[in-house]
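Asker: Okay, handing you the structure first.
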Amino acid sequence: MGNLLSAQGVDVFGLITNEKGDPLSGVSVQIKGTALGGTSNDKGFYKIKANSDAHLLFSFIGFVPKEVDLSKYKPNEQGSYNIPVSLILSTDSSLNEVVIVGFGTQKKASMVSSITSINPKELKGPTSNLTTMLAGRVAGMIAFQRSGEPGADNADFFIRGLGTFGTGKVNPLILIDGIESSATDMARLQPDDIATFSVLKDATAAAVYGARGANGVVLITTKSGLAGNTKYFFRSEVRSSSNTRNFRLTDNITYMKLANEAALTRNPNAVLPYTQSKIEHTAAGDNPLLYPNNNWIDQLIKKNTVNEAFNMSASGGSKKMKYYVAGTYNVDNGVLKVDGINNFNNNIKLQSYSLRSNVNIDLSSTTEGIIRVYGQFDDYTGPIGGGAATFNRAIWSNPVMFPAVYPASLSPYIKHPLFGGAVTGYGSTTLLTNPYAEMVKGYQVYKTSTMQPQLEIKQDLKFLLPGLNFRAMGYLQRYSYFQVSRSYNPFYYSAMVDPASGNILLNVLNDGGTNSVGTVGTEYLGYDEGDKTVNSKMYGEASFNYSHRFGEKHDVSGMLIYYLSNYETGNAGSVQSSLPQRNEGVSGRLTYGFDDRYLAEFDFGYNGSERFAKDSRFGFFPSVGIGYRISSEKFFAPLKDVINNLKLRATLGWVGNDQIGNINDRFFYLSNVNLDNGTYGSTFGSDFGYHRNGVSISRYANYDITWEKSRQINLGLDMSLLHSIDLVVDAYVQRRYNILQTRSYIGATMGLDAVPSANTGEAESKGIDISLNYNKNWGDWWSTLRGTFTYATSKVLKYDENTYPDNEAYLYRKGKSISQYFGYIAERLFVDDQEVANSPKQFGTYMGGDIKYRDMNGDGVISELDIVPIGYPTTPEIVYGFGGTVGYKSFDLSIYFQGVGRESFFINSQNISPFVINGGAQNGLLTAIADSHWSEEDRNSYALWPRLGSTFIENNNQPSTWWMRNGAFLRFKSLEMGYTIPESKTRKHVLKNLRVYLSATNLAVWSKFKLWDPEMGGNGLGYPVQIVVNGGIQFNL
Amino acid sequence: MKHYKAINYFLFALIFLTAFSCKKFLDIVPDDVATIDHAFRLRNEAEKYLFTCYSYLPQDGNEHYNVGMLGGDEMWIPYQTAITSYAFEIARGNQRISNSYFDAWVGNYEGGGPGDSYNLFHGIRQCNTFIENMKDPNQVPDITASERRRWIGEAEFLKAYYHYYLLRMYGPIPIIDKNLPVDAPEDDVRVKRLPVDSCVNYIANLLDSAAAKLPALITDNVTEAGRVTKSVALGIKAKLLVMAASPLFNGNTDFSGFVNQEGKPFFNQSYDVHKWEKAAAAAKVAIDSAESMGCKLYEFKQSPFELTDTTMTQLSIRQAVCERWNSEIIWGNPNSLTSDLQLQCMAPLVAGDDPNNAHMIMSAPLKIAELFYTKNGVPLNEDKTLDFSDLTAMRTATHDERFNIGEGYQTARLNFDREPRFYADLGFDGGYGICIAVQQILMKALMC
């Protein structure tokens, strides 16, 4: 908003004080119905220009807002107004602030549950994916982004961390305007269109969602229109996107030398892969068609790409009808190179469009109808296999055996591209992967559409009972997806010099002739139809709400809702999984507040799900909460200047998770039998002529399977200090039980075809969420500082596993974090073969310079019994963020830092094993490995890489601490600098609130890990997280 | 007026609420979603279940799934190149405590048959399910009483055989006489291993019970050859009792430390000579039964060629294994064909043979070649008239030796002067054999 002082109208000024007459600085003064206003200076004075009929709004945290009608005052001689204002300390700093809660709204003051509401503006950033903005901004949310690939860049997020090790749903329930939505639906939302964003964290908040609330709930509502002239809003952004960090490949001379070393060091008689002559010619920079010298990263990946985003909305309406219509168009391009070889675009291009129309109609004086229609469409084109595969191939391809493509001039009569190729070795019939050919040989297209019409009716029933309302809502959601790909099979060529002419001769490798190897090339495009997904969801709910204040002090509110939902998919694959998924339930809430001091709340959900046997279909999920606003007590009054608000909260409740196990295996009470299974048939007869198929069981009926349940205790503290600091602290303990697990411990002697499942698992998670806000204005300066801290840790309490003797107790999953990784303890590299011979037997063939593991149980063999929990969990336990906005007049600057802690990840050593041929792939050499590996000359037992080798070394590829890395990082998550042109300068024009800004994300990252962006974790060879630098403009009309 | 309107909405909402809130909303599973009950509604379906019980029979004719082939050192292959065999890891001494190779208990590393889909405990459970259901007269109402009895007998035999197979591999095993419910508590599912003698008694009794129900002879060979008969059950019982009488299981004090939780030994610790008597008696019953059905030792007879006695003897030895449904076979299993075994064993015989059809990777090591007797019928080192001191010395085959070794061919001393089984069973450099074309060979040859 800034500090916009109106230039027109009359001067209004005065001193703002509290009840005692002390001046208040930083009080917001706003002209009602406009965005114009200012703040009081550090002496408590304000000055503003306003029309003489304006209403001024004075608001300050911790005080009751005050409205002043200028027309009731008389101007002084100069025609200006001197209006001193005295603000009354509110008994409730945010008495009228309303928070979105499950199936309704609630006054923030009366809340006892743990809900984080954040200003949608905080989620604004130079990205078309909302989920990437969550980390560190929402207290209580563990979030991290593993990939930057357009269309696949959703961040993972969990409310209060992972609460279960069940194989079913672990992510929160996402409701957008009450519509159950996917993470991608949420990713495509525009912060501009969001009215509220709340995260329900504890059982009392989520209990009304009963069996769907155990993993927390994200509630988002979109904006509605306001009566008045039509307001237009436009935003346009142009973004430059580039990789935060590419993995670095070494130069090819080193590559070839070390490839030779790798062959020799394990087999002194090995044939060297590269001749000295080839190495020298390559080093001399001789004809790269004959001595190829590729850096695939440079040849496949661009430095940066340009993306665009447009968002517009129109809102307004009359008393009877209000509307909010918004449209969005985003283009996100990949960073892959496109060559003129083909006329199609093999780079990633994701275009997403959405159209939203929210219309509120007053059907009668007490009835409101709301129609919301939302359409969301993605159009994607990209390389075959996706962008991450292209990054993977950049390291999984040989850099020196062939050039990417020969110039067309070498074979002028051939129309197809002349890709370079070579076989994997002498006599081989497998072609090495040419990553360039793989990237440009074709493209795939997918399109998705989501259509959501929604109807809502609100009826005020005050004629029956004051404070009673009825509301009904229903929606349909139709989703469709299809994918097709088109590509040709590339022709590969090898080059040689014609001894007679000295010209380069090309020899085709895969023309289908006698000596053809690999897939035969085609001149024309092939076609492949991919997945097609269609599904449909229908939902309806009807509820009564009641809210009333009895007498002076008794606040009572209640809510009762009935809902049902139906989901069907068109490509389920089997009878049982094609059956509709249904939920039905009744939920309610009852709150009582005494004198805004003592608060109590009871919530329940009573849900049914089609997955369970008739008798156990419905579950009851109650919760209770109490709150105590100490700051409303009389004895607290002396402190109130310092501590404006202090509330203690405690809740206890149960919520469930019915989405357990595999969705295609959900009717636990039915057996699943294949009565015609060829695998279990038999044949008889002297000529083997009589065959019958057999019977197999893929699931045994189990009537007792039921919900996963969660018991949660939450203790919370809300505090406002000095009218500028807001602190919210929540600590919780969650016990998740009835976790569905396969009963693998029951042993083979049961002879079950399918491992049965049972609700046997238990886990505990606990943690603390803190958010801290600081707002302060000093005259023309204003600032907002924010910080969040989320710590969520978990522990398995009961797990289906073997029993182990005492000396192998480390094998138990029990007592460890849910996402604990297990592996061997790598002590160091073997010094020499002598040490190998004198150490416990490990894996496969290995020698000096390979990884030496610790024999935990001392049985003289390194086996799976020596695996121990290693490192921190693989999902971070700590996510934090801090930053703020400072503004001076019309300038503002926001920065935000975000980090995670207590996370380990594991390098997949196979993926970066240099020189190894795996099918047509041959791994490149990371600079880090070239710089630090064990060699016979440099027997460094702590080098990054063990002894080189040209095959996978089974011994070194075991999961172990050798490949464990610290996943903690801190990143400069976002930066925004903006200038809002003062109204005075734009008023004559049509544009209003014109704002230009420059923003950026992921500008820097600090971590101990350097090979790739640490946030990508073990996924480091994929599509990197992006640095985005963005220029934007927004204005109203 | 307005109020009426509002009340109308309210009533509409109430109707909306109640109309949908019927309990039926969650009943979405239609009738006739296949469940296990469907398997026993008619004979036609139940037959498939019977065949399912048979499908767990170990693939004894396959070099991967018969641990006897590559788990010892009678045959050797190039290490994990042409084929990967986990039994071969055992032969090479790589067996390990965790993640054991050829784990037939859990069904892992080829111990559970092709795809590890045929764990024997699963087979036992299928047999129990089948027996339980077939014993219920309300199930499969359209089957005759005699066929019901026969099918139960077949399932009892298979159940006994699977126990026997496990007993052979693991010694003491738990007896799974009745299926435990799927949701049995943890304590129940930990079934105790029983001492070897108890296992043997249980299996022998079950085989008796099966034998009493099984037909003496397969009458419809076109569709039923390979189904078990009384002779099969009696034959397996004889093998079982011979095994139980053998020193490994009979008073084996090497296993004195192998005890159950109460401290009782799994292997009886005192030798009992009566076990041999029981075994002999069972064998006699089995032989009588088989002979009465026309089984007898195989002798090669039919040939359009004039063959020497030497060749005929060789063929009698070889074809006893290789000829389909020959008179020596009491129980042939058509579900375990030897096409892959032949592919791996066979050498390309002439220059044009496609090596993809004859891998020639399964070979008897020299140690095995040396084990065969001399033509005098004694081990090499015990022959007093023939000198086998230098096995690798070269020697040229004479005219008289032409039915065993190519005339005039020079080859190792080891290959000369050997018993007919040597020439019938092994191929060697210069070896000469007659190949009788048979399309496929039945593998389960009990008496060989």
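The way I read the labels, and the way they are meant: chains A, B, ... in the order of the structure tokens, residue 1 as the first residue of every chain, and ligand 1 as the first ligand shown, with later ones counted on from there.
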So which bits of stretch 199-395 of chain B end up helix (DSSP H, G or I) when you DSSP the backbone, as a ChimeraX atom specification?
Answerer: /B:199-213,221-224,230-245,253-255,274-292,309-322,339-345,355-357,366-371,380-382
Asker: I'd like the neighbourhood of B:Arg41 as a compact mmCIF listing (two decimals) with all heavy atoms, in the first residue's frame, where a residue qualifies if any of its atoms comes within 9 Å (using only C-alpha atoms), though same-chain residues fewer than 4 positions away should be ignored.
Answerer:
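Wrote it out as out22.txt, contents follow:
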```txt
# COMPACT_ATOMS: atom_id res chain seq x y z
N ASP B 37 -15.30 -67.41 -3.20
CA ASP B 37 -16.46 -68.32 -3.25
C ASP B 37 -16.77 -68.78 -4.65
O ASP B 37 -17.29 -69.88 -4.86
CB ASP B 37 -17.70 -67.61 -2.68
CG ASP B 37 -17.55 -67.38 -1.19
OD1 ASP B 37 -16.73 -68.09 -0.58
OD2 ASP B 37 -18.24 -66.50 -0.66
N GLU B 45 -15.18 -74.78 -12.37
CA GLU B 45 -14.30 -73.81 -11.70
C GLU B 45 -13.37 -74.53 -10.74
O GLU B 45 -12.19 -74.19 -10.62
CB GLU B 45 -15.13 -72.78 -10.94
CG GLU B 45 -15.95 -71.86 -11.82
CD GLU B 45 -15.09 -70.96 -12.69
OE1 GLU B 45 -14.04 -70.49 -12.21
OE2 GLU B 45 -15.44 -70.77 -13.87
N ALA B 46 -13.91 -75.53 -10.05
CA ALA B 46 -13.11 -76.22 -9.04
C ALA B 46 -11.94 -76.96 -9.68
O ALA B 46 -10.86 -77.08 -9.09
CB ALA B 46 -13.98 -77.20 -8.25
N GLN B 139 -20.41 -77.40 -1.42
CA GLN B 139 -19.63 -76.78 -2.47
C GLN B 139 -19.57 -77.72 -3.67
O GLN B 139 -19.61 -78.93 -3.52
CB GLN B 139 -18.20 -76.49 -1.98
CG GLN B 139 -18.13 -75.52 -0.82
CD GLN B 139 -18.20 -74.08 -1.26
OE1 GLN B 139 -18.98 -73.74 -2.15
NE2 GLN B 139 -17.40 -73.22 -0.65
N VAL B 140 -19.39 -77.18 -4.83
CA VAL B 140 -19.26 -77.93 -6.08
C VAL B 140 -20.34 -79.01 -6.16
O VAL B 140 -20.05 -80.21 -6.21
CB VAL B 140 -17.87 -78.57 -6.23
CG1 VAL B 140 -17.59 -78.85 -7.69
CG2 VAL B 140 -16.81 -77.68 -5.65
N PRO B 141 -21.62 -78.64 -6.17
CA PRO B 141 -22.68 -79.64 -6.13
C PRO B 141 -22.73 -80.54 -7.37
O PRO B 141 -23.31 -81.62 -7.31
CB PRO B 141 -23.95 -78.81 -6.01
CG PRO B 141 -23.58 -77.44 -6.45
CD PRO B 141 -22.14 -77.27 -6.17
N ASP B 142 -22.11 -80.14 -8.46
CA ASP B 142 -22.28 -80.93 -9.68
C ASP B 142 -21.16 -81.94 -9.91
O ASP B 142 -20.98 -82.41 -11.01
CB ASP B 142 -22.42 -80.00 -10.89
CG ASP B 142 -21.18 -79.14 -11.10
OD1 ASP B 142 -20.45 -78.92 -10.11
OD2 ASP B 142 -20.95 -78.69 -12.23
```
Asker: For a quick test of understanding: name the residues of chain B lying within 6 Å of chain A when counting only C-alpha atoms, and present them as a compact mmCIF listing (two decimals) with N, CA, C and O atoms, in the first residue's frame.
Answerer:
```txt
# COMPACT_ATOMS: atom_id res chain seq x y z
N LEU B 26 -23.06 -45.36 0.24
CA LEU B 26 -21.72 -45.93 0.25
C LEU B 26 -21.68 -47.38 -0.22
O LEU B 26 -20.63 -47.98 -0.30
N THR B 35 -15.03 -63.20 -5.96
CA THR B 35 -14.39 -63.52 -4.69
C THR B 35 -14.07 -65.00 -4.69
O THR B 35 -14.44 -65.72 -5.63
N LYS B 48 -10.17 -75.90 -12.02
CA LYS B 48 -9.09 -74.92 -12.14
C LYS B 48 -8.34 -74.79 -10.82
O LYS B 48 -7.13 -74.60 -10.79
N TYR B 49 -9.09 -74.91 -9.73
CA TYR B 49 -8.43 -74.81 -8.42
C TYR B 49 -7.52 -76.02 -8.19
O TYR B 49 -6.41 -75.90 -7.66
N PHE B 51 -6.02 -77.67 -10.49
CA PHE B 51 -4.84 -77.47 -11.33
C PHE B 51 -3.92 -76.42 -10.70
O PHE B 51 -2.71 -76.46 -10.89
N THR B 52 -4.52 -75.49 -9.98
CA THR B 52 -3.71 -74.51 -9.25
C THR B 52 -2.83 -75.22 -8.23
O THR B 52 -1.64 -74.91 -8.08
N SER B 55 0.05 -76.61 -9.84
CA SER B 55 0.98 -75.69 -10.48
C SER B 55 2.19 -75.38 -9.60
O SER B 55 3.19 -74.86 -10.09
N VAL B 106 11.09 -68.91 1.70
CA VAL B 106 10.35 -67.68 1.44
C VAL B 106 9.96 -67.60 -0.04
O VAL B 106 8.95 -66.98 -0.39
N PHE B 121 4.96 -73.19 0.52
CA PHE B 121 3.96 -72.94 1.56
C PHE B 121 2.69 -72.38 0.95
O PHE B 121 1.59 -72.63 1.44
N HIS B 122 2.83 -71.61 -0.12
CA HIS B 122 1.64 -71.13 -0.83
C HIS B 122 0.89 -72.32 -1.41
O HIS B 122 -0.33 -72.40 -1.32
N ARG B 125 -1.04 -74.03 1.21
CA ARG B 125 -2.25 -73.31 1.56
C ARG B 125 -3.34 -73.52 0.51
O ARG B 125 -4.50 -73.71 0.84
N VAL B 189 0.67 -67.23 14.28
CA VAL B 189 1.29 -67.42 12.97
C VAL B 189 2.71 -67.94 13.08
O VAL B 189 3.28 -68.40 12.11
N ASN B 221 -5.52 -91.12 -20.87
CA ASN B 221 -4.19 -90.55 -20.96
C ASN B 221 -4.14 -89.26 -21.75
O ASN B 221 -3.26 -88.44 -21.57
N VAL B 222 -5.09 -89.08 -22.66
CA VAL B 222 -5.04 -87.90 -23.53
C VAL B 222 -5.21 -86.61 -22.71
O VAL B 222 -4.58 -85.60 -22.98
N THR B 223 -6.05 -86.66 -21.69
CA THR B 223 -6.25 -85.45 -20.92
C THR B 223 -5.69 -85.52 -19.50
O THR B 223 -5.58 -84.51 -18.83
N GLU B 224 -5.35 -86.73 -19.03
CA GLU B 224 -4.99 -86.83 -17.62
C GLU B 224 -3.58 -87.34 -17.36
O GLU B 224 -3.18 -87.41 -16.20
N ALA B 225 -2.84 -87.71 -18.39
CA ALA B 225 -1.50 -88.21 -18.13
C ALA B 225 -0.73 -87.17 -17.35
O ALA B 225 -0.70 -85.99 -17.71
N GLY B 226 -0.12 -87.60 -16.24
CA GLY B 226 0.59 -86.66 -15.39
C GLY B 226 -0.12 -86.41 -14.08
O GLY B 226 0.49 -85.95 -13.11
N PRO B 334 3.92 -83.11 -16.83
CA PRO B 334 3.91 -82.36 -18.10
C PRO B 334 4.06 -80.86 -17.90
O PRO B 334 4.17 -80.11 -18.86
N ASN B 335 4.06 -80.41 -16.66
CA ASN B 335 4.20 -78.97 -16.42
C ASN B 335 5.65 -78.55 -16.28
O ASN B 335 5.94 -77.39 -16.06
```
Asker: Need the shell around stretch 340-355 of chain B: protein/DNA/RNA residues with any atom at most 12 Å away, counting only C-alpha atoms. Skip same-chain ones fewer than 2 positions apart. Format as JSON, numbers by chain?
Answerer: {"B": [59, 60, 61, 62, 63, 64, 65, 66, 69, 70, 75, 76, 77, 78, 82, 83, 322, 336, 337, 338, 357, 358, 359, 360, 361, 362, 363, 364, 425, 426, 427, 428, 429, 430, 431, 432, 433, 434, 435, 438, 439, 440, 441, 442, 443]}
Asker: Write out as a list of chain:residue names the residues lying within 9 Å of A:Phe952, counting only C-alpha atoms and excluding same-chain residues fewer than 5 positions away.
Answerer: A:Gln910, A:Ser913, A:Val916, A:Ile917, A:Asn918, A:Asn957
Asker: Using all heavy atoms, can you export the residues from the last selection as a PDB file, in the first residue's frame?
Answerer:
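Writing done, so here's out_7.pdb:
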```pdb
ATOM      1  N   GLN A 910      25.505 -44.823  -8.574  1.00  0.00           N
ATOM      2  CA  GLN A 910      25.453 -45.449  -9.898  1.00  0.00           C
ATOM      3  C   GLN A 910      25.277 -44.391 -10.981  1.00  0.00           C
ATOM      4  O   GLN A 910      25.850 -44.490 -12.060  1.00  0.00           O
ATOM      5  CB  GLN A 910      24.273 -46.424  -9.984  1.00  0.00           C
ATOM      6  CG  GLN A 910      24.477 -47.645  -9.146  1.00  0.00           C
ATOM      7  CD  GLN A 910      23.748 -48.847  -9.735  1.00  0.00           C
ATOM      8  OE1 GLN A 910      23.443 -48.883 -10.901  1.00  0.00           O
ATOM      9  NE2 GLN A 910      23.469 -49.822  -8.900  1.00  0.00           N
ATOM     10  N   SER A 913      28.615 -42.829 -11.675  1.00  0.00           N
ATOM     11  CA  SER A 913      29.805 -43.676 -11.828  1.00  0.00           C
ATOM     12  C   SER A 913      30.424 -43.409 -13.195  1.00  0.00           C
ATOM     13  O   SER A 913      29.835 -43.754 -14.217  1.00  0.00           O
ATOM     14  CB  SER A 913      29.406 -45.156 -11.750  1.00  0.00           C
ATOM     15  OG  SER A 913      29.074 -45.509 -10.448  1.00  0.00           O
ATOM     16  N   VAL A 916      31.070 -45.887 -16.938  1.00  0.00           N
ATOM     17  CA  VAL A 916      30.343 -47.153 -16.958  1.00  0.00           C
ATOM     18  C   VAL A 916      29.370 -47.164 -18.127  1.00  0.00           C
ATOM     19  O   VAL A 916      28.638 -46.208 -18.345  1.00  0.00           O
ATOM     20  CB  VAL A 916      29.585 -47.359 -15.639  1.00  0.00           C
ATOM     21  CG1 VAL A 916      28.727 -48.598 -15.716  1.00  0.00           C
ATOM     22  CG2 VAL A 916      30.555 -47.447 -14.489  1.00  0.00           C
ATOM     23  N   ILE A 917      29.407 -48.230 -18.891  1.00  0.00           N
ATOM     24  CA  ILE A 917      28.453 -48.399 -19.989  1.00  0.00           C
ATOM     25  C   ILE A 917      27.264 -49.186 -19.461  1.00  0.00           C
ATOM     26  O   ILE A 917      27.416 -50.242 -18.856  1.00  0.00           O
ATOM     27  CB  ILE A 917      29.102 -49.137 -21.174  1.00  0.00           C
ATOM     28  CG1 ILE A 917      30.176 -48.243 -21.781  1.00  0.00           C
ATOM     29  CG2 ILE A 917      28.050 -49.497 -22.213  1.00  0.00           C
ATOM     30  CD1 ILE A 917      30.866 -48.843 -22.964  1.00  0.00           C
ATOM     31  N   ASN A 918      26.085 -48.625 -19.670  1.00  0.00           N
ATOM     32  CA  ASN A 918      24.865 -49.236 -19.155  1.00  0.00           C
ATOM     33  C   ASN A 918      23.841 -49.143 -20.277  1.00  0.00           C
ATOM     34  O   ASN A 918      23.247 -48.105 -20.500  1.00  0.00           O
ATOM     35  CB  ASN A 918      24.410 -48.445 -17.923  1.00  0.00           C
ATOM     36  CG  ASN A 918      23.255 -49.117 -17.218  1.00  0.00           C
ATOM     37  OD1 ASN A 918      22.903 -50.250 -17.545  1.00  0.00           O
ATOM     38  ND2 ASN A 918      22.662 -48.424 -16.268  1.00  0.00           N
ATOM     39  N   ASN A 957      28.498 -49.289  -4.607  1.00  0.00           N
ATOM     40  CA  ASN A 957      27.164 -48.749  -4.844  1.00  0.00           C
ATOM     41  C   ASN A 957      26.162 -49.145  -3.769  1.00  0.00           C
ATOM     42  O   ASN A 957      24.968 -48.982  -3.957  1.00  0.00           O
ATOM     43  CB  ASN A 957      26.665 -49.186  -6.224  1.00  0.00           C
ATOM     44  CG  ASN A 957      27.427 -48.476  -7.326  1.00  0.00           C
ATOM     45  OD1 ASN A 957      27.960 -47.391  -7.103  1.00  0.00           O
ATOM     46  ND2 ASN A 957      27.497 -49.074  -8.489  1.00  0.00           N
TER      47      ASN A 957
END
```
Asker: Residues near stretch 417-426 of chain A, anyone? I mean within 6 Å using only C-alpha atoms, not counting same-chain ones fewer than 6 positions away, as a PyMOL selection string.
Answerer: chain A and resi 402-406+432+492-494
Asker: Those residues you just picked out, can you put them in a file as a PDB file, in the first residue's frame with N, CA, C and O atoms?
Answerer:
```
ATOM      1  N   PHE A 402      31.635 -39.378 -30.600  1.00  0.00           N
ATOM      2  CA  PHE A 402      30.937 -38.924 -31.802  1.00  0.00           C
ATOM      3  C   PHE A 402      30.562 -37.463 -31.605  1.00  0.00           C
ATOM      4  O   PHE A 402      30.377 -37.024 -30.480  1.00  0.00           O
ATOM      5  N   PRO A 403      30.463 -36.704 -32.696  1.00  0.00           N
ATOM      6  CA  PRO A 403      29.944 -35.346 -32.562  1.00  0.00           C
ATOM      7  C   PRO A 403      28.421 -35.402 -32.491  1.00  0.00           C
ATOM      8  O   PRO A 403      27.806 -36.414 -32.868  1.00  0.00           O
ATOM      9  N   ALA A 404      27.806 -34.333 -32.002  1.00  0.00           N
ATOM     10  CA  ALA A 404      26.358 -34.314 -31.871  1.00  0.00           C
ATOM     11  C   ALA A 404      25.703 -34.540 -33.232  1.00  0.00           C
ATOM     12  O   ALA A 404      24.828 -35.386 -33.379  1.00  0.00           O
ATOM     13  N   VAL A 405      26.166 -33.796 -34.218  1.00  0.00           N
ATOM     14  CA  VAL A 405      25.582 -33.927 -35.548  1.00  0.00           C
ATOM     15  C   VAL A 405      26.636 -33.471 -36.559  1.00  0.00           C
ATOM     16  O   VAL A 405      27.441 -32.590 -36.280  1.00  0.00           O
ATOM     17  N   TYR A 406      26.664 -34.143 -37.688  1.00  0.00           N
ATOM     18  CA  TYR A 406      27.591 -33.723 -38.754  1.00  0.00           C
ATOM     19  C   TYR A 406      26.910 -32.658 -39.593  1.00  0.00           C
ATOM     20  O   TYR A 406      25.691 -32.666 -39.758  1.00  0.00           O
ATOM     21  N   LEU A 432      25.875 -46.152 -28.698  1.00  0.00           N
ATOM     22  CA  LEU A 432      25.941 -45.216 -27.574  1.00  0.00           C
ATOM     23  C   LEU A 432      24.844 -44.176 -27.732  1.00  0.00           C
ATOM     24  O   LEU A 432      24.462 -43.816 -28.848  1.00  0.00           O
ATOM     25  N   TYR A 492      22.286 -42.588 -37.451  1.00  0.00           N
ATOM     26  CA  TYR A 492      23.587 -42.261 -36.860  1.00  0.00           C
ATOM     27  C   TYR A 492      24.699 -42.561 -37.863  1.00  0.00           C
ATOM     28  O   TYR A 492      24.614 -43.523 -38.628  1.00  0.00           O
ATOM     29  N   TYR A 493      25.719 -41.731 -37.793  1.00  0.00           N
ATOM     30  CA  TYR A 493      26.818 -41.863 -38.740  1.00  0.00           C
ATOM     31  C   TYR A 493      28.145 -41.859 -37.986  1.00  0.00           C
ATOM     32  O   TYR A 493      28.284 -41.201 -36.953  1.00  0.00           O
ATOM     33  N   SER A 494      29.065 -42.598 -38.535  1.00  0.00           N
ATOM     34  CA  SER A 494      30.442 -42.469 -38.040  1.00  0.00           C
ATOM     35  C   SER A 494      31.289 -41.870 -39.168  1.00  0.00           C
ATOM     36  O   SER A 494      30.926 -41.986 -40.338  1.00  0.00           O
TER      37      SER A 494
END
```
Asker: DSSP on the backbone: which residues in stretch 518-678 of chain A end up as strand (DSSP E or B)? Give the answer as a ChimeraX atom specification.
Answerer: /A:526-550,554-569,581-594,598-609,618-629,643-657,672-678
Asker: Identify which of the residues B:Val200, B:Leu315, B:Val273, B:Ile173 lies closest to B:Asn260, counting only C-alpha atoms when measuring atom-to-atom distances.
Answerer: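 Comparing B:Val200, B:Leu315, B:Val273, B:Ile173 against B:Asn260, the winner is B:Ile173.
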Asker: Quick one: residues within 10 Å of B:Tyr101, only C-alpha atoms, excluding same-chain residues fewer than 5 positions away - as a list of chain:residue names?
Answerer: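 Residues near the query, excluding close chain neighbours: B:Gly71, B:Ser85, B:Tyr86, B:Ala87, B:Phe88, B:Glu89, B:Ile90, B:Asn94, B:Gln95, B:Arg96, B:Gly107, B:Asn108, B:Tyr109, B:Glu110, B:Gly111.
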Asker: Do you know which residues are at most 8 Å from B:Gly123 counting only C-alpha atoms, after dropping those on the same chain fewer than 6 positions away, and could you put them as a list of chain:residue names?
Answerer: A:Gly751, B:Cys53, B:Tyr56, B:Lys159, B:Tyr162
Asker: Mind giving me the straight-line distance from atom CA of B:Tyr170 to atom CA of A:Pro805 in Å, one decimal?
Answerer: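 These atoms are spaced 22.4 Å apart.
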Asker: Report, in Å with one decimal, the straight-line distance from atom CA of A:Leu134 to atom CA of A:Ala792.
Answerer: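 Going from atom CA of A:Leu134 over to atom CA of A:Ala792 covers 16.0 Å.
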Asker: Please, what distance in Å, to one decimal, runs between atom CA of A:Val68 and atom CA of A:Asn644?
Answerer: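 Those two atoms sit 23.8 Å apart.
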